[in-house]
Amino acid sequence: MATYTSSTNPDDCDLYEHRAKKIYLTWCSQIVDIIEGLNVVDTWSLNDIGCNYGQVHKEIKKRNTHDRFDYVGYDVDKVFLEMAQRHFPEMKERFVELDIETQTPRVGDITICSEVLEHLDNPRTALENMLKTTSKCMILRTFVGPNAIEFIQDNEELVASEYK
């Protein structure tokens, strides 16, 4: 189960409310730069794992490029999801409760996962669930720390081609 939630860090809820109202985050801008640089034809489905209060969607909305991406934000924390739904009521049904360690999101073209793996008991399972449901591009932003995560690049079910 995730170790970083509104119940484990209740003081951060005020920070997230402030950010949702007034702050655009640099890393979100960088992520959206990357996905806008992909050769997106028509609309691509985008899964945001650990979406928190919807900061990646906020950046997409700011740029008015939401018509290029069929966005769904997933988080394990109902409080964070309710915050996202409050700030983006037009996306209320697009912020969905999901535990990436035990569940898989819909199959999507792009998966974004930012600062999630380091808070999980089973990051390998979470990676497997994301790789199984990502068809084109996965953007992973994480702090691994002093212990290495065993990567699954040799699992043929999860990786379509050899790493070069």
# chains A, B, ... in the order shown; residues from 1 in each chain; ligands from 1
>>> residues_around(residues="Tyr74 (chain A)", least_positions_apart="4", cutoff="8 Å", atoms="only C-alpha atoms", output="PyMOL selection string")
chain A and resi 47-52+95-98+105
>>> residues_around(residues="region 137-141 of chain A", least_positions_apart="6", cutoff="7 Å", atoms="only C-alpha atoms", output="PyMOL selection string")
chain A and resi 109-115
>>> closest_residue(among="A:Leu38, A:Met91, A:Leu131, A:Leu120", to="His66 (chain A)", atoms="only C-alpha atoms")
A:Met91
>>> select_by_dssp(residues="region 38-101 of chain A", states="helix (DSSP H, G or I)", output="list in words")
Gln55, Val56, His57, Lys58, Glu59, Ile60, Lys61, Lys62, His66, Asp67, Arg68, Lys78, Val79, Phe80, Leu81, Glu82, Met83, Ala84, Gln85, Arg86, His87, Pro89, Glu90, Met91, Lys92, Glu93 and Arg94 of chain A
>>> write_last_selection(atoms="C-alpha atoms", output="compact mmCIF listing (two decimals), in the first residue's frame")
# COMPACT_ATOMS: atom_id res chain seq x y z
CA GLN A 55 -1.31 18.85 -11.62
CA VAL A 56 -0.43 17.28 -15.01
CA HIS A 57 -4.00 17.86 -16.22
CA LYS A 58 -3.70 21.44 -14.96
CA GLU A 59 -0.68 21.99 -17.24
CA ILE A 60 -2.43 20.40 -20.22
CA LYS A 61 -5.46 22.63 -19.60
CA LYS A 62 -3.25 25.73 -19.30
CA HIS A 66 -6.56 18.79 -23.74
CA ASP A 67 -8.22 17.89 -27.07
CA ARG A 68 -5.01 16.00 -28.05
CA LYS A 78 -9.66 9.58 -2.16
CA VAL A 79 -8.83 12.94 -0.53
CA PHE A 80 -6.40 13.84 -3.33
CA LEU A 81 -8.91 12.69 -5.96
CA GLU A 82 -11.68 14.78 -4.38
CA MET A 83 -9.34 17.77 -4.47
CA ALA A 84 -8.70 17.19 -8.19
CA GLN A 85 -12.43 16.84 -8.85
CA ARG A 86 -13.12 20.09 -6.98
CA HIS A 87 -10.53 22.04 -8.93
CA PRO A 89 -15.13 19.71 -12.13
CA GLU A 90 -15.26 19.22 -15.91
CA MET A 91 -12.98 16.20 -15.36
CA LYS A 92 -14.81 14.76 -12.34
CA GLU A 93 -15.27 11.32 -13.91
CA ARG A 94 -11.67 11.33 -15.19
>>> select_by_dssp(residues="region 5-51 of chain A", states="strand (DSSP E)", output="list in words")
Trp44, Ser45, Leu46, Asn47, Asp48 and Ile49 of chain A
>>> atom_distance(atom1="CA of Ile23 (chain A)", atom2="CA of Thr43 (chain A)")
27.1 Å
>>> closest_residue(among="A:Val40, A:Leu46, A:Ile34, A:Ile100", to="Arg124 (chain A)", atoms="only C-alpha atoms")
A:Ile100
>>> closest_residue(among="A:Lys21, A:Gln30, A:Met130, A:Pro10", to="Phe88 (chain A)", atoms="only C-alpha atoms")
A:Lys21
>>> decode(residues="region 58-82 of chain A", atoms="C-alpha atoms", output="tab-separated table (two decimals), in the first residue's frame")
chain	number	residue	atom	x	y	z
A	58	LYS	CA	-3.70	21.44	-14.96
A	59	GLU	CA	-0.68	21.99	-17.24
A	60	ILE	CA	-2.43	20.40	-20.22
A	61	LYS	CA	-5.46	22.63	-19.60
A	62	LYS	CA	-3.25	25.73	-19.30
A	63	ARG	CA	-1.80	24.99	-22.73
A	64	ASN	CA	-5.26	24.30	-24.17
A	65	THR	CA	-4.05	20.98	-25.59
A	66	HIS	CA	-6.56	18.79	-23.74
A	67	ASP	CA	-8.22	17.89	-27.07
A	68	ARG	CA	-5.01	16.00	-28.05
A	69	PHE	CA	-5.11	13.75	-24.99
A	70	ASP	CA	-7.80	11.50	-23.55
A	71	TYR	CA	-6.65	12.03	-19.96
A	72	VAL	CA	-7.46	9.85	-16.95
A	73	GLY	CA	-5.78	10.51	-13.61
A	74	TYR	CA	-5.44	7.63	-11.14
A	75	ASP	CA	-4.60	7.81	-7.45
A	76	VAL	CA	-5.01	5.56	-4.42
A	77	ASP	CA	-6.00	8.48	-2.18
A	78	LYS	CA	-9.66	9.58	-2.16
A	79	VAL	CA	-8.83	12.94	-0.53
A	80	PHE	CA	-6.40	13.84	-3.33
A	81	LEU	CA	-8.91	12.69	-5.96
A	82	GLU	CA	-11.68	14.78	-4.38
